[in-house]
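> Structure file start17.txt (compact mmCIF, C-alpha atoms) right here:
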```txt
# COMPACT_ATOMS: atom_id res chain seq x y z
CA MET O 1 176.94 68.25 -23.69
CA LYS O 2 177.12 69.26 -20.02
CA LEU O 3 178.44 66.42 -17.87
CA LEU O 4 176.12 65.20 -15.13
CA PHE O 5 177.28 63.33 -12.04
CA ILE O 6 175.34 62.37 -8.92
CA ASN O 7 176.66 60.50 -5.90
CA LYS O 8 174.23 60.30 -2.97
CA ILE O 9 174.15 58.14 0.11
CA GLY O 10 171.07 55.94 0.47
CA TYR O 11 168.55 56.53 3.23
CA GLU O 12 169.26 53.22 4.95
CA HIS O 13 173.03 53.75 5.06
CA HIS O 14 172.42 57.28 6.34
CA GLN O 15 170.10 56.04 9.10
CA GLU O 16 172.58 53.32 10.09
CA TRP O 17 175.52 55.80 10.21
CA LYS O 18 177.29 53.88 7.46
CA ASN O 19 179.41 55.31 4.68
CA CYS O 20 178.16 55.61 1.12
CA GLN O 21 179.56 52.57 -0.70
CA ASP O 22 179.10 54.03 -4.18
CA PHE O 23 181.49 56.27 -6.00
CA GLY O 24 182.33 57.25 -9.56
CA PHE O 25 183.54 60.03 -11.80
CA ILE O 26 182.89 61.67 -15.10
CA ASP O 27 185.21 63.40 -17.52
CA GLU O 28 185.37 64.02 -21.26
CA ARG O 29 186.59 60.45 -21.91
CA THR O 30 184.80 58.25 -19.42
CA LYS O 31 181.61 57.99 -17.36
CA CYS O 32 182.13 55.60 -14.49
CA VAL O 33 180.19 54.30 -11.46
CA VAL O 34 181.23 51.76 -8.85
CA ASP O 35 179.28 50.12 -6.04
CA GLY O 36 181.09 48.54 -3.10
CA CYS O 37 179.99 45.12 -1.89
CA SER O 38 178.13 45.49 1.41
CA GLU O 39 179.79 42.36 2.77
CA GLY O 40 183.27 43.83 2.34
CA ARG O 41 184.32 45.64 5.52
CA ASN O 42 185.48 48.81 3.72
CA SER O 43 184.66 48.26 0.08
CA GLU O 44 183.99 52.00 -0.28
CA VAL O 45 187.69 52.68 0.35
CA GLY O 46 188.80 50.44 -2.51
CA ALA O 47 185.98 51.71 -4.72
CA LYS O 48 187.04 55.31 -4.22
CA LEU O 49 190.69 54.52 -4.72
CA PHE O 50 189.86 52.64 -7.90
CA CYS O 51 188.06 55.70 -9.29
CA HIS O 52 190.94 58.06 -8.47
CA LEU O 53 193.46 55.75 -10.14
CA PHE O 54 191.28 54.81 -13.11
CA GLN O 55 190.51 58.44 -13.87
CA GLN O 56 194.25 59.06 -14.14
CA THR O 57 195.18 56.01 -16.19
CA HIS O 58 191.95 55.06 -17.99
CA ASN O 59 193.44 51.58 -17.91
CA ILE O 60 191.85 48.77 -15.89
CA GLU O 61 194.90 46.47 -15.72
CA GLN O 62 197.23 49.25 -14.62
CA THR O 63 194.72 50.43 -12.04
CA PHE O 64 194.36 46.96 -10.53
CA GLU O 65 198.12 46.49 -10.52
CA THR O 66 198.39 49.48 -8.20
CA LEU O 67 195.41 48.40 -6.10
CA LEU O 68 196.85 44.90 -5.64
CA SER O 69 200.19 46.33 -4.56
CA LEU O 70 198.26 48.05 -1.75
CA TYR O 71 195.90 45.15 -1.01
CA PRO O 72 197.84 42.00 -1.93
CA HIS O 73 196.25 39.44 0.40
CA PHE O 74 192.95 37.59 0.14
CA GLU O 75 191.55 39.27 3.28
CA ASP O 76 192.51 42.72 1.90
CA ILE O 77 190.83 41.96 -1.40
CA LYS O 78 187.72 40.65 0.33
CA ASN O 79 187.42 43.72 2.53
CA HIS O 80 188.43 46.45 0.09
CA LEU O 81 188.33 45.43 -3.53
CA LEU O 82 184.93 43.88 -4.12
CA PHE O 83 182.92 46.45 -6.09
CA THR O 84 180.97 46.56 -9.32
CA ILE O 85 182.42 48.62 -12.15
CA LEU O 86 180.41 50.14 -14.98
CA TYR O 87 181.91 52.65 -17.38
CA VAL O 88 181.15 54.21 -20.72
CA THR O 89 183.59 55.20 -23.42
CA GLU O 90 182.81 56.45 -26.92
CA ASP O 91 184.20 57.08 -30.35
CA GLU O 92 182.70 59.03 -33.24
CA GLU O 93 180.10 56.37 -34.06
CA ASN O 94 179.32 54.50 -30.87
CA PHE O 95 179.06 54.46 -27.11
CA TYR O 96 180.55 51.43 -25.35
CA VAL O 97 179.37 50.28 -21.94
CA HIS O 98 181.90 48.13 -20.09
CA ALA O 99 180.35 46.23 -17.20
CA ALA O 100 181.65 44.00 -14.45
CA GLY O 101 178.72 43.79 -12.07
CA ASP O 102 175.15 45.00 -11.71
CA GLY O 103 173.60 48.41 -12.20
CA TYR O 104 171.81 50.36 -14.89
CA ILE O 105 172.53 51.60 -18.39
CA LEU O 106 170.73 54.89 -19.07
CA LYS O 107 169.80 55.50 -22.69
CA GLN O 108 168.56 58.74 -24.24
CA ASN O 109 167.44 58.56 -27.85
CA HIS O 110 167.24 61.41 -30.34
CA GLU O 111 163.57 61.98 -29.48
CA ASN O 112 164.74 62.60 -25.90
CA LYS O 113 163.03 59.49 -24.57
CA PHE O 114 164.79 57.69 -21.77
CA SER O 115 165.05 53.95 -21.32
CA TYR O 116 166.91 51.87 -18.79
CA GLU O 117 168.66 48.54 -19.08
CA ARG O 118 169.06 46.65 -15.86
CA LEU O 119 172.15 44.50 -15.37
CA ASP O 120 171.10 41.97 -12.77
CA PHE O 121 173.00 38.99 -11.42
CA ASP O 122 170.60 37.92 -8.69
CA ASN O 123 172.66 39.41 -5.86
CA SER O 124 175.91 37.75 -6.87
CA PRO O 125 177.51 40.18 -9.31
CA PRO O 126 180.76 39.34 -11.07
CA TYR O 127 183.31 41.51 -9.30
CA TYR O 128 186.45 42.08 -11.35
CA SER O 129 188.57 41.43 -8.24
CA TYR O 130 187.48 37.77 -8.26
CA ASN O 131 190.27 37.38 -10.82
CA PHE O 132 192.75 37.86 -7.97
CA VAL O 133 191.09 35.58 -5.40
CA PRO O 134 192.21 31.91 -5.12
CA LYS O 135 189.59 29.73 -6.86
CA GLU O 136 188.87 27.64 -3.78
CA TYR O 137 187.23 30.66 -2.16
CA LEU O 138 184.83 31.20 -5.06
CA LYS O 139 181.42 29.55 -5.48
CA LYS O 140 180.90 31.22 -8.86
CA TYR O 141 183.09 32.86 -11.47
CA GLN O 142 186.01 30.42 -10.98
CA ASP O 143 186.85 30.88 -14.66
CA GLY O 144 187.45 34.57 -14.13
CA VAL O 145 185.56 37.77 -14.76
CA THR O 146 185.88 39.90 -17.86
CA PHE O 147 184.18 43.13 -18.78
CA ASP O 148 181.04 42.65 -20.79
CA VAL O 149 181.08 45.30 -23.55
CA LYS O 150 177.85 46.58 -25.10
CA ARG O 151 177.82 48.89 -28.11
CA TYR O 152 175.20 51.58 -28.74
CA SER O 153 175.13 53.47 -32.00
CA LYS O 154 175.14 57.26 -31.96
CA GLN O 155 172.68 57.17 -34.84
CA GLU O 156 170.17 55.73 -32.42
CA TYR O 157 171.22 57.31 -29.13
CA LYS O 158 172.04 60.88 -28.19
CA ASN O 159 173.59 59.86 -24.90
CA ILE O 160 174.41 56.76 -22.87
CA GLY O 161 175.25 56.74 -19.18
CA VAL O 162 175.55 54.35 -16.25
CA ALA O 163 174.14 54.20 -12.74
CA THR O 164 174.44 51.96 -9.71
CA ASP O 165 171.54 49.69 -8.75
CA GLY O 166 170.25 52.28 -6.23
CA LEU O 167 168.62 54.02 -9.19
CA GLU O 168 165.91 51.38 -8.99
CA TYR O 169 164.17 53.21 -6.12
CA LEU O 170 163.90 56.47 -8.07
CA LEU O 171 162.71 54.73 -11.21
CA ARG O 172 159.86 52.95 -9.50
CA SER O 173 158.82 56.00 -7.47
CA GLU O 174 156.32 58.74 -8.24
CA HIS O 175 159.32 61.05 -8.75
CA LYS O 176 160.50 59.32 -11.94
CA GLU O 177 158.92 61.98 -14.16
CA ASN O 178 160.64 64.84 -12.31
CA PHE O 179 163.88 62.91 -12.42
CA GLU O 180 163.66 62.53 -16.18
CA THR O 181 162.75 66.20 -16.66
CA TYR O 182 165.86 67.24 -14.75
CA LEU O 183 167.92 64.61 -16.54
CA LEU O 184 166.80 65.98 -19.88
CA GLU O 185 167.64 69.54 -18.79
CA ARG O 186 170.87 68.23 -17.27
CA LYS O 187 170.07 69.88 -13.94
CA GLU O 188 172.44 68.03 -11.68
CA PHE O 189 171.60 70.00 -8.54
CA SER O 190 167.87 69.66 -9.09
CA ILE O 191 168.30 65.86 -9.10
CA LYS O 192 170.42 66.05 -5.94
CA ARG O 193 167.78 68.19 -4.26
CA LEU O 194 165.04 65.82 -5.42
CA ILE O 195 166.88 62.95 -3.74
CA ASN O 196 167.42 65.00 -0.57
CA ARG O 197 163.76 65.95 -0.53
CA PHE O 198 162.48 62.42 -0.79
CA HIS O 199 165.44 60.71 0.77
CA ALA O 200 163.41 57.93 2.40
CA VAL O 201 162.40 56.79 -1.12
CA CYS O 202 166.04 56.30 -2.13
CA LYS O 203 166.90 53.48 0.23
CA ASP O 204 170.18 52.51 -1.44
CA ASP O 205 173.17 54.66 -2.43
CA VAL O 206 172.81 55.97 -5.95
CA THR O 207 175.47 57.15 -8.36
CA ILE O 208 174.76 58.38 -11.87
CA SER O 209 177.31 59.27 -14.52
CA PHE O 210 175.51 60.62 -17.57
CA MET G 1 137.99 100.34 4.37
CA ASN G 2 139.56 96.89 4.29
CA GLU G 3 142.79 96.56 6.16
CA HIS G 4 145.68 95.46 3.94
CA VAL G 5 146.72 91.94 4.85
CA GLU G 6 150.02 90.60 3.59
CA ILE G 7 150.33 86.83 3.37
CA LEU G 8 153.82 85.56 2.83
CA GLY G 9 153.32 82.63 0.47
CA LEU G 10 155.76 80.50 -1.46
CA ASP G 11 156.06 82.92 -4.38
CA GLU G 12 156.84 85.85 -2.09
CA VAL G 13 159.57 83.87 -0.35
CA GLU G 14 161.13 83.11 -3.73
CA VAL G 15 160.78 86.68 -4.98
CA GLN G 16 162.11 88.35 -1.83
CA ASN G 17 165.00 85.95 -1.62
CA THR G 18 166.68 83.66 -4.16
CA ALA G 19 164.57 80.96 -5.82
CA VAL G 20 165.95 77.47 -5.34
CA GLU G 21 166.20 76.79 -9.07
CA GLU G 22 168.67 79.69 -9.35
CA LEU G 23 171.08 77.88 -7.04
CA GLU G 24 173.80 75.70 -8.56
CA THR G 25 174.33 73.87 -5.29
CA GLU G 26 172.54 71.61 -2.81
CA VAL G 27 174.30 73.16 0.22
CA ILE G 28 173.72 76.74 1.22
CA ASN G 29 174.86 79.06 4.02
CA LEU G 30 172.47 81.87 4.89
CA ILE G 31 174.18 84.90 6.36
CA PHE G 32 172.08 87.54 8.08
CA VAL G 33 173.94 90.77 8.86
CA GLY G 34 172.05 93.35 10.93
CA ILE G 35 173.70 96.77 10.72
CA ASP G 36 173.07 99.44 13.32
CA GLN G 37 172.57 102.75 11.46
CA SER G 38 171.72 104.85 14.51
CA GLY G 39 173.06 108.41 14.90
CA SER G 40 175.75 107.41 17.40
CA MET G 41 177.61 105.81 14.47
CA PHE G 42 177.61 109.07 12.52
CA SER G 43 181.34 109.77 12.95
CA TYR G 44 182.14 106.30 11.54
CA GLN G 45 180.10 106.55 8.34
CA ASN G 46 183.09 106.46 6.00
CA THR G 47 184.82 103.67 7.92
CA MET G 48 181.59 101.66 7.93
CA GLU G 49 181.26 101.95 4.14
CA GLU G 50 184.88 100.93 3.73
CA SER G 51 184.43 98.00 6.14
CA LEU G 52 181.24 96.83 4.44
CA ARG G 53 182.97 96.97 1.04
CA ASP G 54 185.88 94.91 2.43
CA PHE G 55 183.41 92.46 3.96
CA LYS G 56 181.69 92.06 0.59
CA ASP G 57 185.00 91.66 -1.27
CA ALA G 58 186.28 89.02 1.16
CA LEU G 59 183.13 86.93 0.85
CA GLU G 60 182.93 87.40 -2.91
CA GLN G 61 186.52 86.22 -3.37
CA SER G 62 186.16 83.20 -1.11
CA LYS G 63 185.77 79.70 -2.53
CA GLU G 64 182.53 79.43 -0.60
CA ALA G 65 180.90 82.40 -2.37
CA ASP G 66 178.63 80.17 -4.48
CA GLU G 67 177.33 78.49 -1.38
CA MET G 68 176.37 81.70 0.45
CA LEU G 69 173.36 83.95 0.36
CA VAL G 70 173.54 87.16 2.35
CA ALA G 71 170.75 89.36 3.74
CA ARG G 72 171.57 92.83 5.00
CA ALA G 73 169.23 94.39 7.54
CA ASN G 74 169.51 98.09 8.29
CA PHE G 75 168.02 99.46 11.43
CA ASN G 76 167.54 102.89 12.91
CA GLU G 77 164.67 104.95 14.25
CA TYR G 78 163.23 105.52 10.79
CA THR G 79 163.47 102.09 9.28
CA VAL G 80 163.91 98.41 9.98
CA ASP G 81 164.71 97.14 6.53
CA VAL G 82 165.45 93.41 6.35
CA GLY G 83 166.60 92.54 2.84
CA GLY G 84 166.23 89.21 1.09
CA TYR G 85 168.89 86.52 0.87
CA LYS G 86 170.87 87.20 -2.31
CA LYS G 87 174.24 86.37 -3.79
CA ILE G 88 177.07 88.34 -2.19
CA SER G 89 177.66 90.24 -5.46
CA GLN G 90 174.35 92.03 -4.78
CA PHE G 91 175.33 93.14 -1.26
CA ASP G 92 174.83 96.88 -0.74
CA ALA G 93 177.81 98.48 1.02
CA ASN G 94 176.32 101.97 1.44
CA TYR G 95 175.91 103.34 4.93
CA ILE G 96 174.13 106.30 6.51
CA ALA G 97 173.74 106.85 10.27
CA ASP G 98 170.88 108.73 11.91
CA GLY G 99 168.30 108.35 14.70
CA MET G 100 167.84 105.84 17.49
CA THR G 101 168.32 102.04 17.78
CA PRO G 102 165.39 99.59 17.25
CA LEU G 103 167.55 96.54 18.02
CA TYR G 104 164.72 94.26 19.21
CA ASP G 105 162.65 94.98 16.11
CA VAL G 106 165.42 93.96 13.70
CA ILE G 107 166.02 90.77 15.69
CA THR G 108 162.36 89.70 15.67
CA GLU G 109 161.80 90.57 12.02
CA GLY G 110 165.15 89.15 10.93
CA THR G 111 164.48 85.87 12.76
CA GLU G 112 161.04 85.53 11.20
CA LYS G 113 162.38 86.05 7.67
CA LEU G 114 165.41 83.83 8.16
CA THR G 115 163.44 80.90 9.56
CA THR G 116 160.75 81.22 6.87
CA TYR G 117 163.31 81.13 4.06
CA MET G 118 165.27 78.36 5.74
CA THR G 119 162.14 76.22 5.98
CA TYR G 120 161.36 76.87 2.32
CA LEU G 121 164.88 75.85 1.25
CA LYS G 122 164.85 72.69 3.36
CA GLU G 123 161.50 71.71 1.90
CA GLN G 124 163.10 72.03 -1.53
CA GLY G 125 165.83 69.55 -0.58
CA MET G 126 168.59 72.03 0.25
CA ARG G 127 171.05 71.42 3.07
CA VAL G 128 171.02 74.71 5.00
CA LYS G 129 173.21 76.29 7.69
CA ALA G 130 172.82 79.85 8.90
CA VAL G 131 174.56 82.67 10.74
CA PHE G 132 172.57 85.46 12.36
CA ALA G 133 174.96 88.35 13.05
CA ILE G 134 174.22 91.77 14.48
CA PHE G 135 176.53 94.76 14.58
CA SER G 136 175.52 97.44 17.11
CA ASP G 137 177.05 100.09 19.33
CA GLY G 138 174.35 100.41 21.95
CA ASP G 139 171.21 99.42 23.81
CA ASP G 140 167.84 99.28 22.19
CA THR G 141 166.25 102.73 22.30
CA SER G 142 163.27 102.69 19.94
CA SER G 143 161.77 99.23 19.29
CA LYS G 144 158.11 98.38 19.20
CA SER G 145 159.04 94.83 20.20
CA ALA G 146 159.91 94.04 23.80
CA LEU G 147 163.14 92.56 25.13
CA LYS G 148 161.33 89.26 25.81
CA ASP G 149 160.28 89.02 22.13
CA ALA G 150 163.83 89.56 20.89
CA LYS G 151 165.12 87.13 23.49
CA ALA G 152 162.61 84.51 22.38
CA SER G 153 163.77 85.02 18.78
CA ILE G 154 167.42 84.44 19.66
CA ASP G 155 166.38 81.41 21.68
CA THR G 156 164.54 80.05 18.63
CA LEU G 157 167.64 80.54 16.48
CA ASN G 158 169.91 78.89 19.05
CA LYS G 159 167.58 75.89 19.31
CA GLN G 160 167.67 75.51 15.54
CA GLU G 161 171.48 75.40 15.64
CA ILE G 162 171.74 78.71 13.84
CA THR G 163 174.90 80.57 14.82
CA THR G 164 173.98 83.74 16.72
CA ALA G 165 176.73 86.37 16.77
CA PHE G 166 176.91 89.93 18.05
CA ILE G 167 179.59 92.51 17.43
CA SER G 168 179.42 94.96 20.30
CA PHE G 169 181.12 98.18 19.25
CA GLY G 170 181.91 100.25 22.38
CA ALA G 171 180.93 99.62 25.95
CA GLY G 172 177.15 99.94 25.57
CA ALA G 173 176.04 96.88 23.70
CA LYS G 174 177.79 93.96 25.43
CA GLN G 175 175.29 93.70 28.29
CA GLU G 176 172.44 93.89 25.80
CA ALA G 177 173.91 91.05 23.74
CA ASP G 178 174.30 88.95 26.91
CA ARG G 179 170.72 89.65 27.96
CA LEU G 180 169.46 88.65 24.54
CA GLY G 181 171.24 85.30 24.66
CA PHE G 182 173.67 85.59 21.73
CA LYS G 183 176.05 82.63 21.87
CA ASN G 184 178.99 84.48 20.27
CA ILE G 185 179.90 88.03 21.30
CA LEU G 186 182.81 90.00 19.90
CA ASN G 187 183.34 92.80 22.39
CA ILE G 188 185.16 95.83 20.92
CA THR G 189 185.72 98.08 23.95
CA ASN G 190 187.93 100.67 22.22
CA SER G 191 185.62 102.23 19.69
CA ASN G 192 187.74 103.69 16.96
CA ALA G 193 188.01 103.35 13.17
CA SER G 194 190.83 100.82 13.28
CA GLU G 195 188.93 98.51 15.67
CA LEU G 196 185.84 98.83 13.50
CA ARG G 197 187.75 97.66 10.43
CA LYS G 198 189.21 94.77 12.43
CA ALA G 199 185.75 93.77 13.64
CA PHE G 200 184.38 93.48 10.10
CA ASN G 201 187.52 91.71 9.00
CA CYS G 202 186.91 89.22 11.80
CA LEU G 203 183.26 88.90 10.75
CA SER G 204 184.12 88.08 7.14
CA LYS G 205 186.75 85.49 8.19
CA SER G 206 184.31 83.92 10.63
CA VAL G 207 181.53 83.76 8.07
CA ILE G 208 183.85 82.06 5.56
CA GLU G 209 185.09 79.56 8.16
CA ALA G 210 181.53 78.82 9.27
CA SER G 211 180.58 78.19 5.63
CA LYS G 212 183.41 75.68 5.26
CA SER G 213 182.36 73.79 8.36
CA VAL G 214 180.09 70.76 7.94
CA VAL G 215 178.19 71.49 11.14
CA ALA G 216 177.11 74.87 12.52
CA LYS G 217 179.67 76.70 14.67
CA GLU G 218 177.34 77.32 17.56
CA ASP G 219 179.64 78.88 20.17
CA ASP G 220 183.06 79.21 18.55
CA PHE G 221 182.12 81.41 15.65
CA PHE G 222 184.45 84.40 15.85
CA ASN G 223 187.71 83.67 14.15
CA MET G 224 190.28 86.14 15.51
```
Using structure tokens, write down the structure from this file.


Amino acid sequence: MKLLFINKIGYEHHQEWKNCQDFGFIDERTKCVVDGCSEGRNSEVGAKLFCHLFQQTHNIEQTFETLLSLYPHFEDIKNHLLFTILYVTEDEENFYVHAAGDGYILKQNHENKFSYERLDFDNSPPYYSYNFVPKEYLKKYQDGVTFDVKRYSKQEYKNIGVATDGLEYLLRSEHKENFETYLLERKEFSIKRLINRFHAVCKDDVTISF
Amino acid sequence: MNEHVEILGLDEVEVQNTAVEELETEVINLIFVGIDQSGSMFSYQNTMEESLRDFKDALEQSKEADEMLVARANFNEYTVDVGGYKKISQFDANYIADGMTPLYDVITEGTEKLTTYMTYLKEQGMRVKAVFAIFSDGDDTSSKSALKDAKASIDTLNKQEITTAFISFGAGAKQEADRLGFKNILNITNSNASELRKAFNCLSKSVIEASKSVVAKEDDFFNM
């Protein structure tokens, strides 16, 4: 199946001359999206770095070991390493979605119907980097954050992907049908052009790895 | 008898040029190349063909090839033929020289077709940059359009941040390019085969560099 990856800046960030805080990657082994925390000064830097390292190692612990050697202090972590992480792996029978934070799980069944599962934490997502922040600074998640793993059988689903929460704007717009047509045909550039065309609709950054 | 009226609608724009769904990109560089085929270029016919082939090869081999669509416009006394924007692999490198120079006509028609296609692409969600380049060795000698019309066309292009470039081959055309308001002029005063090859080499390099650039190269286009 042709890999599909979209990473587009949201209209509001574009209007405010801000960077896109989303990033991600896709390869034969992993589909990954990350969304930097808007309160972190440069969370997009850490998010991007995470993706580059994780794509090489495919190992979360090893990736964070390197990231923490670059950003060892609390202030560094706060400003660079707070981002949601969603990624999909698979074996012969199942897809596995690993999630630390909010976003969407995209599901395509064998009848080519799409459905979407929202991961919502009421604006306080569990960032994996909270594991490296002294507990006194945390209001929630003092016991640590682990990846929530969901399994989807290949007997039921043809494909499973992930997206950042910015997908919400496309899904509730009049362009949802076009989006799903292009998704079905795996027309990556048609989706990118659709977002460009109706950019004001897509207020938040959106990244899709499918 | 009813007069034939041609209305350029959406379908025609797609047919004459490249339909957006054929493009595997969201960023595109439109390259307009107007080629003077007047009789004064007769002695350079072979060198022109060679230079146009080299131009095509350079663009085709560049990493930016997939993000470029090129339109060739031929102009002489007998025809002003502005082609559609197609992939560089479809660029025609043939060349024949004869007749006089309808420079203003090719500028007005070329501008109209470029801006129409550019509008269509933008409406389809494409990010578009463009270069409007003319190669000529002399003054206008046979246009139906007036200087002011051609000047207004170049002004329109400049205002839309489209790179306007003129290769003046020999002494005759530089003043004309200045009058018309081209922002980039490559002035080749020694008209010989070697300089002609160099000029097209410079054009291909400049087009490739402009395609790499995030913003339009408005007045520093020629890459020597």

> Using all atoms listed in the file, what does the table of chain O residues within 8 Å of chain G look like, with each row giving the shortest atom pair and its distance in Å to one decimal, sorted by chain and ascending number, as a Markdown table?


```
| residue | atom | partner | partner_atom | distance |
| --- | --- | --- | --- | --- |
| O:Phe189 | CA | G:Thr25 | CA | 5.7 |
| O:Ser190 | CA | G:Glu21 | CA | 7.3 |
| O:Lys192 | CA | G:Glu26 | CA | 6.7 |
| O:Arg193 | CA | G:Gly125 | CA | 4.4 |
| O:Leu194 | CA | G:Gly125 | CA | 6.2 |
| O:Ile195 | CA | G:Gly125 | CA | 7.4 |
| O:Asn196 | CA | G:Gly125 | CA | 4.8 |
| O:Arg197 | CA | G:Gly125 | CA | 4.2 |
| O:Phe198 | CA | G:Gly125 | CA | 7.9 |
```

> So the first atom is CA of Ser89 (chain G) and the second is CA of Gln16 (chain G); what is the distance between them in Å, to one decimal place?

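Answer for the CA of Ser89 (chain G) to CA of Gln16 (chain G) separation: 16.1 Å.
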
> With a distance cut-off of 10 Å and all atoms listed in the file, select the neighbouring residues of Arg53 (chain G), excluding the residue or stretch itself and same-chain residues fewer than 2 positions from it, and output the selection as a ChimeraX atom specification.

/G:47-51,55-58,91-94,200

> Give me the residues within 9 Å of Cys20 (chain O) as number ranges by chain, counting only C-alpha atoms and dropping any in the same chain fewer than 6 places off.

O: 7-10, 13-14, 36, 44, 204-206

> Write out as a PyMOL selection string the residues lying within 7 Å of Ser43 (chain O), counting all atoms listed in the file and excluding same-chain residues fewer than 6 positions away.

chain O and resi 21+36-37+79-83

> Kindly indicate which residue among G:Arg197, G:Arg72, G:Lys212, G:Lys217 lies nearest to Asn46 (chain G), using all atoms listed in the file for the distances.

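Checking each of G:Arg197, G:Arg72, G:Lys212, G:Lys217 against Asn46 (chain G), counting all atoms listed in the file, the winner is G:Arg197.
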
> Just the residues within 12 Å of Cys51 (chain O), please, counting all atoms listed in the file, with nothing from its chain fewer than 4 positions along; format it as an MDAnalysis selection string.

chainID O and resid 22:27 30:36 44:47 55:60 63:64 67 81 83:87

> If we count only C-alpha atoms, what is near Ala163 (chain O) at a cut-off of 6 Å, once residues fewer than 6 positions away on the same chain are taken out, given as a list in words?

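That gives Gly103, Tyr104, Thr207 and Ile208 of chain O.
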
> Have region 27-40 of chain O completed to N, CA and C atoms, please, and pass it along as a PDB file, in the coordinates of the input.


```pdb
ATOM      1  N   ASP O  27     184.373  62.417 -16.834  1.00  0.00           N
ATOM      2  CA  ASP O  27     185.210  63.400 -17.520  1.00  0.00           C
ATOM      3  C   ASP O  27     184.926  63.287 -19.020  1.00  0.00           C
ATOM      4  N   GLU O  28     185.660  63.990 -19.812  1.00  0.00           N
ATOM      5  CA  GLU O  28     185.370  64.020 -21.260  1.00  0.00           C
ATOM      6  C   GLU O  28     185.532  62.640 -21.910  1.00  0.00           C
ATOM      7  N   ARG O  29     186.321  61.765 -21.308  1.00  0.00           N
ATOM      8  CA  ARG O  29     186.590  60.450 -21.910  1.00  0.00           C
ATOM      9  C   ARG O  29     185.731  59.329 -21.365  1.00  0.00           C
ATOM     10  N   THR O  30     185.418  59.403 -20.081  1.00  0.00           N
ATOM     11  CA  THR O  30     184.800  58.250 -19.420  1.00  0.00           C
ATOM     12  C   THR O  30     183.714  58.661 -18.427  1.00  0.00           C
ATOM     13  N   LYS O  31     182.648  57.850 -18.392  1.00  0.00           N
ATOM     14  CA  LYS O  31     181.610  57.990 -17.360  1.00  0.00           C
ATOM     15  C   LYS O  31     181.678  56.704 -16.554  1.00  0.00           C
ATOM     16  N   CYS O  32     181.907  56.810 -15.275  1.00  0.00           N
ATOM     17  CA  CYS O  32     182.130  55.600 -14.490  1.00  0.00           C
ATOM     18  C   CYS O  32     181.338  55.610 -13.173  1.00  0.00           C
ATOM     19  N   VAL O  33     180.777  54.455 -12.792  1.00  0.00           N
ATOM     20  CA  VAL O  33     180.190  54.300 -11.460  1.00  0.00           C
ATOM     21  C   VAL O  33     180.676  52.986 -10.856  1.00  0.00           C
ATOM     22  N   VAL O  34     180.833  52.988  -9.543  1.00  0.00           N
ATOM     23  CA  VAL O  34     181.230  51.760  -8.850  1.00  0.00           C
ATOM     24  C   VAL O  34     180.364  51.616  -7.601  1.00  0.00           C
ATOM     25  N   ASP O  35     180.143  50.382  -7.196  1.00  0.00           N
ATOM     26  CA  ASP O  35     179.280  50.120  -6.040  1.00  0.00           C
ATOM     27  C   ASP O  35     179.950  49.057  -5.182  1.00  0.00           C
ATOM     28  N   GLY O  36     180.388  49.464  -3.991  1.00  0.00           N
ATOM     29  CA  GLY O  36     181.090  48.540  -3.100  1.00  0.00           C
ATOM     30  C   GLY O  36     180.176  47.461  -2.557  1.00  0.00           C
ATOM     31  N   CYS O  37     180.738  46.271  -2.413  1.00  0.00           N
ATOM     32  CA  CYS O  37     179.990  45.120  -1.890  1.00  0.00           C
ATOM     33  C   CYS O  37     179.704  45.360  -0.404  1.00  0.00           C
ATOM     34  N   SER O  38     178.459  45.178   0.006  1.00  0.00           N
ATOM     35  CA  SER O  38     178.130  45.490   1.410  1.00  0.00           C
ATOM     36  C   SER O  38     178.748  44.476   2.379  1.00  0.00           C
ATOM     37  N   GLU O  39     179.158  43.330   1.871  1.00  0.00           N
ATOM     38  CA  GLU O  39     179.790  42.360   2.770  1.00  0.00           C
ATOM     39  C   GLU O  39     181.272  42.652   3.003  1.00  0.00           C
ATOM     40  N   GLY O  40     181.879  43.430   2.133  1.00  0.00           N
ATOM     41  CA  GLY O  40     183.270  43.830   2.340  1.00  0.00           C
ATOM     42  C   GLY O  40     183.318  44.866   3.459  1.00  0.00           C
TER      43      GLY O  40
END
```
